[in-house]
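*Asks:* Pasting in a structure now, in structure tokens, and then I'll have a few things to ask.
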Amino acid sequence: QVTGSGDEKEFLLNTVVFKISKNYSIPSLDTPYMIEIDKFTIPAEFEYFAEPLLNENVFLTAKVKDWNKYDLLPVDASIYLEGTYAGTTYINPY
């Protein structure tokens, strides 16, 4: 078991089981309901990328070292730049 942020993570084959220490009241609706199970900042090196012949936009990219130590799951992720919501991306750690 690995302990972090007051909650525990247990690794079983290809599964990560999160033992959440905080109690939540989850409504019994037909819509998905999200809770926060962990929050952390990942250090990254930022770099702008442009290829004007293919796309008129400029992209800010992030290079993350040792990304596998964060137990990332495949998921849509919200992106914030200097505290302002900038959009979403898809994280595929596989």
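The way I read the labels, and the way they are meant: chains A, B, ... in the order of the structure tokens, residue 1 as the first residue of every chain, and ligand 1 as the first ligand shown, with later ones counted on from there.
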Go through segment 48-68 of chain A and flag each residue having an atom no more than 12 Å from segment 19-42 of chain A; for those, report the closest pair of atoms plus their distance in Å to one decimal, using only C-alpha atoms, ordered by chain and rising number, as CSV.
*Replies:*
residue,atom,partner,partner_atom,distance
A:Ala62,CA,A:Ile42,CA,10.2
A:Lys63,CA,A:Ile42,CA,10.2
A:Val64,CA,A:Ile42,CA,7.4
A:Lys65,CA,A:Ile42,CA,9.1
A:Asp66,CA,A:Ile42,CA,9.8
A:Trp67,CA,A:Ile42,CA,8.3
A:Asn68,CA,A:Ile42,CA,11.3
*Asks:* Determine which residues of chain A DSSP labels as strand (DSSP E) from the backbone of this structure, then write them out as a ChimeraX atom specification.
*Replies:* /A:2-4,7-12,15-19,45-50,58-63,75-81,84-91
*Asks:* Please produce a file of those selected residues containing N, CA and C atoms, as a short mmCIF file (atom, residue, chain, number, x, y, z; two decimals), in the first residue's frame.
*Replies:*
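What follows is the written file selection-v3.cif:
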data_model
loop_
_atom_site.label_atom_id
_atom_site.label_comp_id
_atom_site.auth_asym_id
_atom_site.auth_seq_id
_atom_site.Cartn_x
_atom_site.Cartn_y
_atom_site.Cartn_z
N VAL A 2 0.39 2.26 -0.67
CA VAL A 2 1.08 3.54 -0.73
C VAL A 2 0.16 4.57 -0.10
N THR A 3 0.69 5.36 0.81
CA THR A 3 -0.13 6.36 1.48
C THR A 3 0.18 7.73 0.92
N GLY A 4 -0.87 8.52 0.69
CA GLY A 4 -0.68 9.88 0.19
C GLY A 4 -1.91 10.72 0.42
N ASP A 7 -5.27 9.52 2.14
CA ASP A 7 -6.00 8.39 1.58
C ASP A 7 -5.00 7.30 1.22
N GLU A 8 -5.46 6.08 1.05
CA GLU A 8 -4.58 4.98 0.71
C GLU A 8 -4.89 4.46 -0.67
N LYS A 9 -3.84 3.94 -1.33
CA LYS A 9 -3.98 3.33 -2.64
C LYS A 9 -3.48 1.90 -2.54
N GLU A 10 -4.22 0.99 -3.08
CA GLU A 10 -3.84 -0.41 -3.07
C GLU A 10 -3.79 -0.88 -4.52
N PHE A 11 -2.65 -1.46 -4.92
CA PHE A 11 -2.45 -1.88 -6.30
C PHE A 11 -2.71 -3.38 -6.42
N LEU A 12 -3.66 -3.76 -7.27
CA LEU A 12 -4.01 -5.14 -7.50
C LEU A 12 -3.98 -5.40 -9.00
N THR A 15 -5.33 -2.86 -11.53
CA THR A 15 -6.35 -2.04 -10.89
C THR A 15 -5.74 -1.25 -9.74
N VAL A 16 -6.21 -0.04 -9.54
CA VAL A 16 -5.84 0.75 -8.37
C VAL A 16 -7.11 0.97 -7.57
N VAL A 17 -7.11 0.57 -6.31
CA VAL A 17 -8.25 0.75 -5.43
C VAL A 17 -7.92 1.89 -4.47
N PHE A 18 -8.75 2.93 -4.46
CA PHE A 18 -8.55 4.07 -3.59
C PHE A 18 -9.42 3.90 -2.35
N LYS A 19 -8.83 3.96 -1.18
CA LYS A 19 -9.57 3.94 0.08
C LYS A 19 -9.69 5.39 0.53
N GLU A 45 7.97 21.03 -17.63
CA GLU A 45 8.67 22.01 -18.47
C GLU A 45 7.72 22.41 -19.59
N PHE A 46 7.50 23.72 -19.76
CA PHE A 46 6.56 24.21 -20.77
C PHE A 46 7.30 24.72 -22.00
N GLU A 47 6.67 24.49 -23.14
CA GLU A 47 7.29 24.87 -24.40
C GLU A 47 6.18 25.17 -25.41
N TYR A 48 6.34 26.23 -26.19
CA TYR A 48 5.37 26.54 -27.24
C TYR A 48 5.72 25.77 -28.51
N PHE A 49 4.68 25.31 -29.22
CA PHE A 49 4.87 24.55 -30.45
C PHE A 49 4.00 25.16 -31.54
N ALA A 50 4.60 25.42 -32.70
CA ALA A 50 3.85 25.96 -33.83
C ALA A 50 4.35 25.31 -35.11
N VAL A 58 -0.96 28.18 -32.12
CA VAL A 58 0.25 27.89 -31.37
C VAL A 58 -0.18 27.12 -30.14
N PHE A 59 0.54 26.05 -29.81
CA PHE A 59 0.17 25.19 -28.69
C PHE A 59 1.21 25.28 -27.58
N LEU A 60 0.74 25.34 -26.35
CA LEU A 60 1.62 25.28 -25.19
C LEU A 60 1.66 23.82 -24.75
N THR A 61 2.83 23.22 -24.77
CA THR A 61 2.97 21.81 -24.40
C THR A 61 3.69 21.70 -23.06
N ALA A 62 3.45 20.61 -22.36
CA ALA A 62 4.10 20.37 -21.08
C ALA A 62 4.82 19.03 -21.14
N LYS A 63 6.07 19.03 -20.73
CA LYS A 63 6.83 17.79 -20.61
C LYS A 63 6.93 17.44 -19.14
N VAL A 75 -8.38 9.60 -18.66
CA VAL A 75 -9.47 10.47 -18.23
C VAL A 75 -9.42 11.80 -19.00
N ASP A 76 -10.57 12.46 -19.10
CA ASP A 76 -10.60 13.85 -19.56
C ASP A 76 -10.11 14.71 -18.40
N ALA A 77 -9.21 15.63 -18.69
CA ALA A 77 -8.63 16.46 -17.64
C ALA A 77 -8.86 17.94 -17.96
N SER A 78 -9.15 18.71 -16.93
CA SER A 78 -9.29 20.16 -17.08
C SER A 78 -7.91 20.80 -17.00
N ILE A 79 -7.70 21.82 -17.82
CA ILE A 79 -6.42 22.51 -17.85
C ILE A 79 -6.61 23.94 -17.38
N TYR A 80 -5.75 24.37 -16.46
CA TYR A 80 -5.76 25.73 -15.95
C TYR A 80 -4.40 26.34 -16.22
N LEU A 81 -4.40 27.55 -16.73
CA LEU A 81 -3.16 28.28 -17.00
C LEU A 81 -3.18 29.55 -16.17
N THR A 84 -6.50 30.28 -14.54
CA THR A 84 -7.66 30.48 -15.41
C THR A 84 -7.92 29.22 -16.22
N TYR A 85 -9.18 28.79 -16.29
CA TYR A 85 -9.56 27.61 -17.06
C TYR A 85 -9.21 27.82 -18.53
N ALA A 86 -8.48 26.85 -19.11
CA ALA A 86 -8.02 26.99 -20.50
C ALA A 86 -8.62 25.93 -21.42
N GLY A 87 -9.30 24.92 -20.87
CA GLY A 87 -9.88 23.89 -21.72
C GLY A 87 -9.68 22.50 -21.14
N THR A 88 -9.85 21.51 -21.98
CA THR A 88 -9.68 20.12 -21.55
C THR A 88 -8.73 19.38 -22.48
N THR A 89 -8.23 18.27 -21.99
CA THR A 89 -7.40 17.37 -22.77
C THR A 89 -7.72 15.96 -22.33
N TYR A 90 -7.21 14.99 -23.03
CA TYR A 90 -7.40 13.59 -22.64
C TYR A 90 -6.06 13.03 -22.21
N ILE A 91 -6.00 12.45 -21.03
CA ILE A 91 -4.77 11.82 -20.53
C ILE A 91 -4.88 10.32 -20.78
#
*Asks:* Quick one: residues within 7 Å of Pro93 of chain A, only C-alpha atoms counted, chain neighbours fewer than 6 positions away excluded, as number ranges by chain?
*Replies:* A: 72-74
